[in-house]
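Below is the file input.tsv, which contains TSV, C-alpha atoms.
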chain	number	residue	atom	x	y	z
T	1	MET	CA	1.21	56.15	19.26
T	2	GLN	CA	1.21	53.62	22.13
T	3	GLU	CA	4.69	52.63	23.30
T	4	SER	CA	5.33	48.90	22.93
T	5	LYS	CA	6.10	47.01	26.13
T	6	SER	CA	9.20	44.89	26.59
T	7	ILE	CA	8.80	41.10	26.38
T	8	LYS	CA	8.79	39.30	29.73
T	9	VAL	CA	7.26	35.90	28.90
T	10	MET	CA	7.62	33.50	25.98
T	11	PHE	CA	4.78	31.02	25.56
T	12	PHE	CA	5.21	27.89	23.45
T	13	ASP	CA	2.71	25.58	21.85
T	14	ALA	CA	3.43	21.97	22.84
T	15	ARG	CA	2.53	19.52	20.09
T	16	ASP	CA	4.64	19.83	16.92
T	17	THR	CA	6.47	22.82	18.45
T	18	LEU	CA	8.33	21.32	21.42
T	19	GLY	CA	7.90	17.72	20.29
T	20	GLU	CA	5.55	15.03	19.03
T	21	VAL	CA	2.65	13.53	20.97
T	22	ASP	CA	3.01	9.85	20.08
T	23	ARG	CA	0.07	8.78	22.25
T	24	PRO	CA	-2.46	10.62	24.43
T	25	GLY	CA	-0.67	12.32	27.34
T	26	HIS	CA	2.90	11.58	26.18
T	27	LEU	CA	5.23	14.13	24.58
T	28	VAL	CA	8.51	13.17	22.90
T	29	PRO	CA	10.62	16.35	22.62
T	30	TYR	CA	12.59	17.15	19.51
T	31	ARG	CA	16.24	16.41	20.23
T	32	PRO	CA	18.45	18.34	20.40
T	33	SER	CA	16.60	21.38	19.07
T	34	THR	CA	14.00	21.76	21.86
T	35	GLU	CA	16.60	21.98	24.63
T	36	LYS	CA	18.73	24.35	22.55
T	37	LEU	CA	15.66	26.54	22.04
T	38	LEU	CA	14.84	26.57	25.76
T	39	LEU	CA	18.46	27.30	26.67
T	40	GLY	CA	18.48	30.20	24.23
T	41	VAL	CA	15.29	31.70	25.65
T	42	GLN	CA	16.65	31.20	29.19
T	43	ALA	CA	19.77	33.14	28.19
T	44	LEU	CA	17.51	36.00	27.11
T	45	GLY	CA	16.18	36.17	30.67
T	46	LEU	CA	12.56	35.46	29.71
T	47	LYS	CA	10.08	33.52	31.80
T	48	MET	CA	8.68	30.57	29.83
T	49	GLY	CA	5.26	28.96	29.63
T	50	VAL	CA	3.17	26.66	27.44
T	51	ILE	CA	-0.34	27.14	26.05
T	52	THR	CA	-1.78	23.85	24.83
T	53	ASN	CA	-5.05	22.36	23.64
T	54	LEU	CA	-5.70	18.93	25.18
T	55	PRO	CA	-8.24	16.36	23.99
T	56	GLY	CA	-11.20	15.54	26.18
T	57	ASP	CA	-9.67	12.30	27.47
T	58	VAL	CA	-6.51	14.03	28.79
T	59	THR	CA	-6.97	16.10	31.97
T	60	SER	CA	-5.23	19.38	32.75
T	61	ASP	CA	-3.03	17.68	35.34
T	62	GLN	CA	-2.08	14.97	32.86
T	63	GLY	CA	-1.29	17.60	30.22
T	64	LYS	CA	0.92	19.57	32.58
T	65	ASP	CA	2.75	16.41	33.63
T	66	MET	CA	3.14	15.44	29.97
T	67	VAL	CA	5.00	18.68	29.23
T	68	VAL	CA	7.23	19.06	32.27
T	69	SER	CA	8.23	15.38	32.47
T	70	ALA	CA	9.29	15.12	28.80
T	71	VAL	CA	12.96	14.09	28.76
T	72	LEU	CA	15.29	16.32	26.75
T	73	SER	CA	18.68	14.83	27.52
T	74	GLU	CA	20.71	12.91	30.06
T	75	ASP	CA	23.70	14.12	32.05
T	76	GLY	CA	26.61	11.94	31.03
T	77	ALA	CA	28.20	11.80	34.50
T	78	SER	CA	25.21	11.52	36.82
T	79	HIS	CA	22.79	9.94	34.31
T	80	GLN	CA	20.14	12.35	35.61
T	81	SER	CA	17.48	13.26	33.07
T	82	ASN	CA	16.98	16.86	32.01
T	83	THR	CA	13.29	17.51	31.37
T	84	ILE	CA	11.27	20.42	30.03
T	85	GLY	CA	10.34	21.04	33.67
T	86	LYS	CA	13.91	22.21	34.24
T	87	TYR	CA	13.07	25.26	32.11
T	88	ILE	CA	9.28	25.63	32.38
T	89	ASP	CA	7.45	25.57	35.71
T	90	ARG	CA	4.46	23.24	35.87
T	91	ASN	CA	2.22	26.13	36.94
T	92	ASN	CA	3.18	27.96	33.74
T	93	VAL	CA	1.64	25.25	31.56
T	94	ILE	CA	-1.80	26.58	30.60
T	95	THR	CA	-4.40	24.20	29.14
T	96	ASN	CA	-7.65	24.79	27.32
T	97	HIS	CA	-9.49	22.87	30.04
T	98	GLU	CA	-8.58	25.31	32.79
T	99	ALA	CA	-8.93	28.39	30.57
T	100	GLY	CA	-12.31	27.32	29.26
T	101	PHE	CA	-11.32	28.16	25.68
T	102	ASP	CA	-9.40	26.42	22.90
T	103	LYS	CA	-6.72	28.01	20.77
T	104	PRO	CA	-7.04	30.07	18.60
T	105	ASP	CA	-9.68	31.84	20.74
T	106	PRO	CA	-7.91	35.04	21.93
T	107	ARG	CA	-9.30	34.53	25.43
T	108	ILE	CA	-7.02	31.55	26.18
T	109	TYR	CA	-3.95	33.69	25.46
T	110	ARG	CA	-5.22	36.50	27.67
T	111	PHE	CA	-5.97	33.93	30.38
T	112	ALA	CA	-2.38	32.65	30.16
T	113	ALA	CA	-0.90	36.13	30.39
T	114	GLU	CA	-3.03	36.96	33.41
T	115	ARG	CA	-2.04	33.67	35.08
T	116	LEU	CA	1.63	34.67	34.81
T	117	GLY	CA	0.92	38.21	35.97
T	118	VAL	CA	1.75	40.07	32.77
T	119	ALA	CA	-0.11	41.91	30.05
T	120	PRO	CA	-0.57	40.14	26.67
T	121	GLU	CA	1.62	42.84	25.13
T	122	GLU	CA	4.49	41.65	27.36
T	123	CYS	CA	4.30	38.12	25.91
T	124	ILE	CA	5.43	36.41	22.73
T	125	PHE	CA	3.79	33.19	21.53
T	126	LEU	CA	5.76	30.69	19.47
T	127	GLY	CA	4.08	27.84	17.60
T	128	GLU	CA	4.01	25.93	14.32
T	129	ASN	CA	0.27	26.44	13.69
T	130	LEU	CA	-0.43	29.65	11.76
T	131	ILE	CA	-4.04	29.93	12.96
T	132	GLU	CA	-2.96	29.63	16.61
T	133	VAL	CA	-0.21	32.19	16.04
T	134	LEU	CA	-2.78	34.58	14.56
T	135	GLY	CA	-5.04	33.95	17.58
T	136	ALA	CA	-2.21	35.01	19.89
T	137	LYS	CA	-1.57	38.11	17.80
T	138	SER	CA	-5.25	39.07	17.97
T	139	ALA	CA	-5.03	38.75	21.77
T	140	GLY	CA	-2.27	41.36	21.78
T	141	MET	CA	0.78	39.11	22.01
T	142	GLN	CA	3.80	39.30	19.80
T	143	THR	CA	4.21	36.10	17.80
T	144	GLN	CA	6.70	33.92	15.96
T	145	LEU	CA	5.82	31.09	13.58
T	146	LYS	CA	8.17	28.13	14.14
T	147	PRO	CA	9.17	25.71	11.37
T	148	CYS	CA	7.67	22.23	11.52
T	149	PRO	CA	9.45	19.89	11.48
T	150	PRO	CA	11.66	22.03	13.69
T	151	GLY	CA	15.32	21.81	14.36
T	152	ARG	CA	16.82	22.44	10.94
T	153	GLU	CA	17.66	25.98	12.09
T	154	PHE	CA	19.96	24.39	14.73
T	155	LEU	CA	21.52	21.66	12.62
T	156	PRO	CA	24.53	23.39	11.01
T	157	ALA	CA	26.13	23.72	14.45
T	158	VAL	CA	28.16	20.79	15.76
T	159	GLN	CA	26.09	18.83	18.30
T	160	PRO	CA	27.72	17.02	21.24
T	161	GLN	CA	26.57	13.53	22.19
T	162	ILE	CA	23.46	13.45	24.36
T	163	GLY	CA	22.32	10.44	26.38
T	164	LYS	CA	24.88	7.90	25.15
T	165	SER	CA	24.05	4.33	26.23
T	166	ALA	CA	24.26	0.74	25.03
T	167	THR	CA	21.25	1.33	22.75
T	168	ASP	CA	21.72	5.02	21.96
T	169	SER	CA	24.75	6.62	20.35
T	170	GLY	CA	23.71	10.03	21.63
T	171	ARG	CA	24.17	11.43	18.13
T	172	ALA	CA	21.72	13.95	16.68
T	173	PHE	CA	21.09	11.86	13.54
T	174	GLU	CA	19.80	9.03	15.74
T	175	ALA	CA	17.26	11.26	17.46
T	176	PHE	CA	16.20	12.52	14.01
T	177	PHE	CA	15.55	9.01	12.71
T	178	GLU	CA	13.84	7.84	15.89
T	179	HIS	CA	11.38	10.74	15.61
T	180	GLU	CA	10.56	9.60	12.10
T	181	HIS	CA	10.05	6.10	13.50
T	182	LEU	CA	7.34	7.51	15.79
T	183	LEU	CA	5.43	8.56	12.69
T	184	GLY	CA	6.21	5.21	11.10
T	185	GLU	CA	4.73	3.37	14.09
T	186	ARG	CA	1.48	5.26	13.58
T	187	ILE	CA	1.50	4.24	9.90
T	188	PHE	CA	2.08	0.58	10.91
T	189	ALA	CA	-0.79	0.73	13.39
T	190	GLY	CA	-3.07	2.22	10.73
T	191	GLY	CA	-2.11	-0.49	8.27
T	192	GLN	CA	-2.87	-3.21	10.80
T	193	LYS	CA	-6.28	-1.68	11.60
T	194	ILE	CA	-7.08	-1.53	7.89
T	195	ALA	CA	-6.16	-5.21	7.55
T	196	ASP	CA	-8.30	-6.10	10.56
T	197	HIS	CA	-11.31	-4.33	9.02
T	198	LEU	CA	-10.82	-5.91	5.60
T	199	LYS	CA	-10.64	-9.40	7.12
T	200	THR	CA	-14.16	-8.99	8.52
T	201	LEU	CA	-15.67	-8.48	5.06
T	202	ARG	CA	-17.52	-11.25	3.28
T	203	GLN	CA	-17.29	-11.77	-0.45
T	204	GLY	CA	-19.42	-9.15	-2.16
T	205	ASP	CA	-19.43	-6.74	0.80
T	206	PRO	CA	-18.48	-3.17	-0.11
T	207	ILE	CA	-15.49	-1.62	1.63
T	208	PRO	CA	-16.82	0.95	4.16
T	209	ALA	CA	-16.21	4.48	2.93
T	210	ASN	CA	-13.96	5.45	5.83
T	211	VAL	CA	-11.87	2.29	5.53
T	212	ARG	CA	-11.42	3.04	1.84
T	213	THR	CA	-10.32	6.57	2.75
T	214	ALA	CA	-7.78	5.20	5.23
T	215	MET	CA	-6.51	2.75	2.60
T	216	GLY	CA	-5.89	5.61	0.18
T	217	PHE	CA	-3.88	7.57	2.74
T	218	PHE	CA	-1.97	4.44	3.76
T	219	VAL	CA	-0.93	3.75	0.15
T	220	TYR	CA	0.15	7.35	-0.33
T	221	LEU	CA	2.21	7.31	2.87
T	222	ILE	CA	4.11	4.10	2.16
T	223	ASP	CA	4.93	5.26	-1.37
T	224	ASN	CA	5.82	8.89	-0.66
T	225	PHE	CA	6.96	9.03	2.97
T	226	ALA	CA	8.17	5.60	4.08
T	227	ASP	CA	10.19	4.99	0.91
T	228	GLN	CA	11.06	8.41	-0.53
T	229	VAL	CA	11.83	10.13	2.78
T	230	HIS	CA	12.83	7.65	5.48
T	231	LEU	CA	14.30	4.58	3.78
T	232	LYS	CA	16.41	6.57	1.33
T	233	ALA	CA	17.76	8.78	4.13
T	234	GLU	CA	18.88	5.75	6.15
T	235	GLU	CA	20.51	4.23	3.07
T	236	ALA	CA	22.46	7.44	2.53
T	237	VAL	CA	23.92	7.31	6.05
T	238	ILE	CA	25.21	3.74	6.17
T	239	PRO	CA	27.94	4.28	3.51
T	240	ILE	CA	29.30	7.20	5.57
T	241	ALA	CA	29.81	4.85	8.53
T	242	VAL	CA	31.41	2.27	6.20
T	243	THR	CA	33.79	4.99	5.03
T	244	ARG	CA	34.74	5.52	8.68
T	245	GLY	CA	35.46	1.80	9.20
T	246	MET	CA	32.19	-0.03	9.82
T	247	ASP	CA	31.96	-3.53	8.35
T	248	PRO	CA	29.54	-3.17	5.41
T	249	ARG	CA	28.06	-6.58	6.21
T	250	HIS	CA	26.63	-5.11	9.42
T	251	GLY	CA	24.36	-2.85	7.40
T	252	GLN	CA	23.38	-5.25	4.63
T	253	TRP	CA	20.31	-6.52	6.47
T	254	VAL	CA	18.93	-2.97	6.38
T	255	PHE	CA	19.19	-2.76	2.59
T	256	ASP	CA	17.72	-6.26	2.24
T	257	GLN	CA	14.73	-5.53	4.47
T	258	HIS	CA	14.20	-2.17	2.77
T	259	ASP	CA	14.06	-3.93	-0.59
T	260	GLN	CA	11.65	-6.49	0.86
T	261	ALA	CA	9.47	-3.63	2.14
T	262	ARG	CA	9.54	-2.01	-1.30
T	263	ALA	CA	8.32	-5.31	-2.79
T	264	TYR	CA	5.45	-5.25	-0.28
T	265	PHE	CA	4.74	-1.59	-1.16
T	266	ARG	CA	4.56	-2.55	-4.84
T	267	ALA	CA	2.21	-5.44	-4.06
T	268	VAL	CA	-0.04	-3.14	-2.00
T	269	ASP	CA	-0.03	-0.60	-4.86
T	270	ILE	CA	-1.14	-3.26	-7.34
T	271	ALA	CA	-3.83	-4.60	-5.01
T	272	TRP	CA	-5.12	-1.05	-4.47
T	273	ARG	CA	-5.23	-0.46	-8.23
T	274	ARG	CA	-7.19	-3.69	-8.68
T	275	ILE	CA	-9.62	-2.65	-5.95
T	276	GLU	CA	-10.14	0.79	-7.45
T	277	ASN	CA	-10.20	-0.10	-11.14
T	278	GLY	CA	-10.49	-3.88	-11.47
T	279	ASP	CA	-13.50	-5.93	-12.45
T	280	PRO	CA	-15.96	-7.02	-9.73
T	281	ASP	CA	-14.91	-10.66	-9.82
T	282	ASP	CA	-11.28	-9.75	-9.05
T	283	ARG	CA	-12.01	-7.21	-6.33
T	284	TRP	CA	-12.52	-9.81	-3.58
T	285	TYR	CA	-9.11	-11.35	-4.29
T	286	ALA	CA	-7.51	-7.92	-4.52
T	287	ILE	CA	-8.88	-7.05	-1.05
T	288	ALA	CA	-7.35	-10.25	0.33
T	289	ASP	CA	-4.02	-9.46	-1.32
T	290	PHE	CA	-4.13	-5.94	0.15
T	291	TRP	CA	-4.56	-7.02	3.76
T	292	ARG	CA	-2.19	-10.01	3.54
T	293	THR	CA	0.60	-7.90	2.06
T	294	THR	CA	-0.04	-5.08	4.54
T	295	GLU	CA	0.21	-7.49	7.46
T	296	ALA	CA	3.47	-8.89	6.09
T	297	PHE	CA	4.93	-5.38	5.80
T	298	VAL	CA	3.77	-4.38	9.30
T	299	ALA	CA	5.20	-7.56	10.88
T	300	LEU	CA	8.57	-7.00	9.18
T	301	PHE	CA	8.90	-3.32	9.98
T	302	GLU	CA	7.75	-3.45	13.59
T	303	HIS	CA	10.82	-5.64	14.18
T	304	HIS	CA	12.93	-3.66	11.72
T	305	ALA	CA	12.40	-0.32	13.50
T	306	VAL	CA	13.31	-1.75	16.92
T	307	ARG	CA	16.48	-3.34	15.56
T	308	GLU	CA	17.49	-0.09	13.87
T	309	ASN	CA	16.91	1.88	17.09
T	310	ASP	CA	18.77	-0.54	19.34
T	311	GLU	CA	21.44	-1.96	17.02
T	312	LEU	CA	22.03	-0.08	13.77
T	313	TYR	CA	21.95	3.54	14.95
T	314	PRO	CA	24.27	3.01	17.96
T	315	GLU	CA	26.76	1.22	15.72
T	316	LEU	CA	26.63	3.93	13.07
T	317	GLY	CA	27.05	6.59	15.74
T	318	SER	CA	30.07	4.83	17.20
T	319	TYR	CA	31.95	5.55	13.97
T	320	PHE	CA	30.94	9.20	13.73
T	321	SER	CA	32.66	12.19	15.25
T	322	GLU	CA	30.59	15.23	16.19
T	323	THR	CA	31.54	16.77	12.86
T	324	ASP	CA	30.44	13.60	11.03
T	325	ASP	CA	27.13	13.71	12.89
T	326	THR	CA	26.58	17.27	11.71
T	327	LEU	CA	27.50	16.27	8.16
T	328	VAL	CA	25.05	13.36	8.23
T	329	ILE	CA	22.22	15.50	9.60
T	330	ASN	CA	22.87	18.06	6.88
T	331	LEU	CA	22.89	15.28	4.27
T	332	ILE	CA	19.59	13.66	5.28
T	333	SER	CA	17.89	17.05	5.53
T	334	HIS	CA	18.29	17.27	1.75
T	335	ILE	CA	16.63	13.91	1.06
T	336	GLY	CA	12.90	14.09	0.48
T	337	PRO	CA	10.78	17.20	1.06
T	338	PRO	CA	12.05	19.93	3.42
T	339	ASP	CA	8.79	19.77	5.40
T	340	ILE	CA	7.02	16.52	6.37
T	341	THR	CA	4.01	18.33	7.85
T	342	PRO	CA	1.69	17.15	5.03
T	343	PHE	CA	2.58	13.53	5.83
T	344	VAL	CA	1.83	14.09	9.52
T	345	ALA	CA	-1.57	15.48	8.50
T	346	MET	CA	-2.20	12.41	6.31
T	347	VAL	CA	-1.41	10.07	9.21
T	348	GLU	CA	-3.89	11.98	11.37
T	349	ALA	CA	-6.50	11.77	8.58
T	350	MET	CA	-5.96	8.01	8.32
T	351	GLU	CA	-6.29	7.62	12.10
T	352	THR	CA	-9.46	9.72	12.15
T	353	ALA	CA	-11.01	7.57	9.43
T	354	LEU	CA	-10.18	4.44	11.43
T	355	ALA	CA	-11.47	5.78	14.77
T	356	PRO	CA	-14.04	3.46	16.45
T	357	ALA	CA	-16.80	6.04	16.00
T	358	LYS	CA	-16.09	6.12	12.25
T	359	VAL	CA	-15.89	2.40	11.49
T	360	ALA	CA	-18.44	-0.13	12.67
How does the structure come out when it is put into structure tokens?
Amino acid sequence: MQESKSIKVMFFDARDTLGEVDRPGHLVPYRPSTEKLLLGVQALGLKMGVITNLPGDVTSDQGKDMVVSAVLSEDGASHQSNTIGKYIDRNNVITNHEAGFDKPDPRIYRFAAERLGVAPEECIFLGENLIEVLGAKSAGMQTQLKPCPPGREFLPAVQPQIGKSATDSGRAFEAFFEHEHLLGERIFAGGQKIADHLKTLRQGDPIPANVRTAMGFFVYLIDNFADQVHLKAEEAVIPIAVTRGMDPRHGQWVFDQHDQARAYFRAVDIAWRRIENGDPDDRWYAIADFWRTTEAFVALFEHHAVRENDELYPELGSYFSETDDTLVINLISHIGPPDITPFVAMVEAMETALAPAKVA
């Protein structure tokens, strides 16, 4: 039997493993779990690299820069940013463009191992995508499937403040909510594009098939992610800060705007039902109600999310100790489903349906 070789290199996937790509060529790391993961691997004495698939409109150089420049934390004294590049050398970021193969093709993993001067058997690949993990295994690497969303495996430990500023409490719960806002922003953008398409229709025109598909995903997301996961989690946190001394009036606007959003969600649900099941004479008016209500929701929540990021979360965090922060993170991890991956996939499906090539 062949003797197994010791591990010398750990390769990571980038998107949904180290962080979220909120726009082409820009990675927002998971905080604080990504830095804790990299610190842990560094303590093991392993060299680190990244193997990533990039879209056609993002070059290899842009992809490498995206990874190594992603900000993990800020030094409280010097205010210097700690980036992924502190742990992973730019030359160790391997892209599909330079390899000539996309994951899960085993050849990209072998290319990466050769680039770092090791055998595939001396590498371990860590990612959230099962197919890509299996591709690495077939190339001869050891593998580890990482939870997505990640970070819950780090949350029971007390987290110190990271990057405290006038608009950031530095608390872990704030980073958690702001990552959910990134997904929310994509939902807002999809809703606005749907409204823009619907406004171009004339009475009697059918809704294009792909716009209808996007509308279905949008309705599902506002009912099952925006409300059930995100809004309820925020509403569970505010009373904890009030218990610690925050004036409850400072959080009332959040509850009020959440209730307003739920009224919009209900109106969109009814308009969607009328479009799907109503009589032909009513459908035109239902379409108008759908896009008008969607625009009202988007306008409210684009402002709402910014105010939460810059005003609410820092104030909440100012009342929390590190132990409170850990308690809050543990609390919100039990609200909604344990894994939001299906909702991420739905957002991507909505965006694909609304891509310029899909909708004339």
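Summary of the local environment: counting only C-alpha atoms, residues at most 10 Å from range 53-59 of chain T, other than itself and those fewer than 2 positions away along its chain, are T:Asp13, T:Ala14, T:Arg15, T:Pro24, T:Gly25, T:Ile51, T:Asp61, T:Gln62, T:Gly63, T:Lys64, T:Asp65, T:Met66, T:Ile94, T:Thr95, T:Asn96, T:His97, T:Glu98, T:Ala99, T:Phe101, T:Asp102, T:Lys103, T:Pro104, T:Ile108.
A straight line drawn from CA of Phe320 in chain T to CA of His250 in chain T is 15.6 Å long.
For the pair CA of Lys146 in chain T and CA of His230 in chain T, the interatomic distance is 22.7 Å.
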Contact table range 159-250 of chain T vs range 26-37 of chain T, cut-off 8 Å, shortest pair per residue, only C-alpha atoms, as a Markdown table:
| residue | atom | partner | partner_atom | distance |
| --- | --- | --- | --- | --- |
| T:Gln159 | CA | T:Pro32 | CA | 7.9 |
| T:Ala172 | CA | T:Pro32 | CA | 6.6 |
| T:Ala175 | CA | T:Arg31 | CA | 5.9 |
| T:Phe176 | CA | T:Arg31 | CA | 7.3 |
| T:His179 | CA | T:Tyr30 | CA | 7.6 |
At a cut-off of 9 Å, using all atoms listed in the file, what residues contact Ile207 in chain T? Leave out same-chain residues fewer than 2 positions from it and give the result as a PDB file with C-alpha atoms, keeping the file's coordinate frame.
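Below is the file that was written, selection.pdb:
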ATOM      1  CA  HIS T 197     -11.310  -4.330   9.020  1.00  0.00           C
ATOM      2  CA  LEU T 198     -10.820  -5.910   5.600  1.00  0.00           C
ATOM      3  CA  LEU T 201     -15.670  -8.480   5.060  1.00  0.00           C
ATOM      4  CA  ASP T 205     -19.430  -6.740   0.800  1.00  0.00           C
ATOM      5  CA  ALA T 209     -16.210   4.480   2.930  1.00  0.00           C
ATOM      6  CA  ASN T 210     -13.960   5.450   5.830  1.00  0.00           C
ATOM      7  CA  VAL T 211     -11.870   2.290   5.530  1.00  0.00           C
ATOM      8  CA  ARG T 212     -11.420   3.040   1.840  1.00  0.00           C
ATOM      9  CA  ILE T 287      -8.880  -7.050  -1.050  1.00  0.00           C
TER      10      ILE T 287
END
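For the pair CA of Lys47 in chain T and CA of Val9 in chain T, the separation is 4.7 Å.
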Please define a box with edges along x, y and z of the file around all atoms of range 182-192 of chain T given in the file, extend it by 6 Å on each side, and return its centre and edge lengths in Å to one decimal, as AutoDock Vina command-line options.
--center_x 2.1 --center_y 2.7 --center_z 12.0 --size_x 22.4 --size_y 23.8 --size_z 19.5
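Distance annotation: of T:Gly140, T:Pro106, T:Gly204, T:Gly191, the residue with the minimal separation from Arg283 in chain T is T:Gly204; atom set is only C-alpha atoms.
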- prompt: Smallest atom-to-atom distance to Ile88 in chain T: which of T:Ala43, T:Ala286, T:Cys123, T:Leu38, using only C-alpha atoms?
  reply: T:Leu38
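When all atoms listed in the file are used to measure the gap to Asp16 in chain T, the shortest distance among T:Val298, T:Ala166, T:Ile270, T:Leu126 belongs to T:Leu126.
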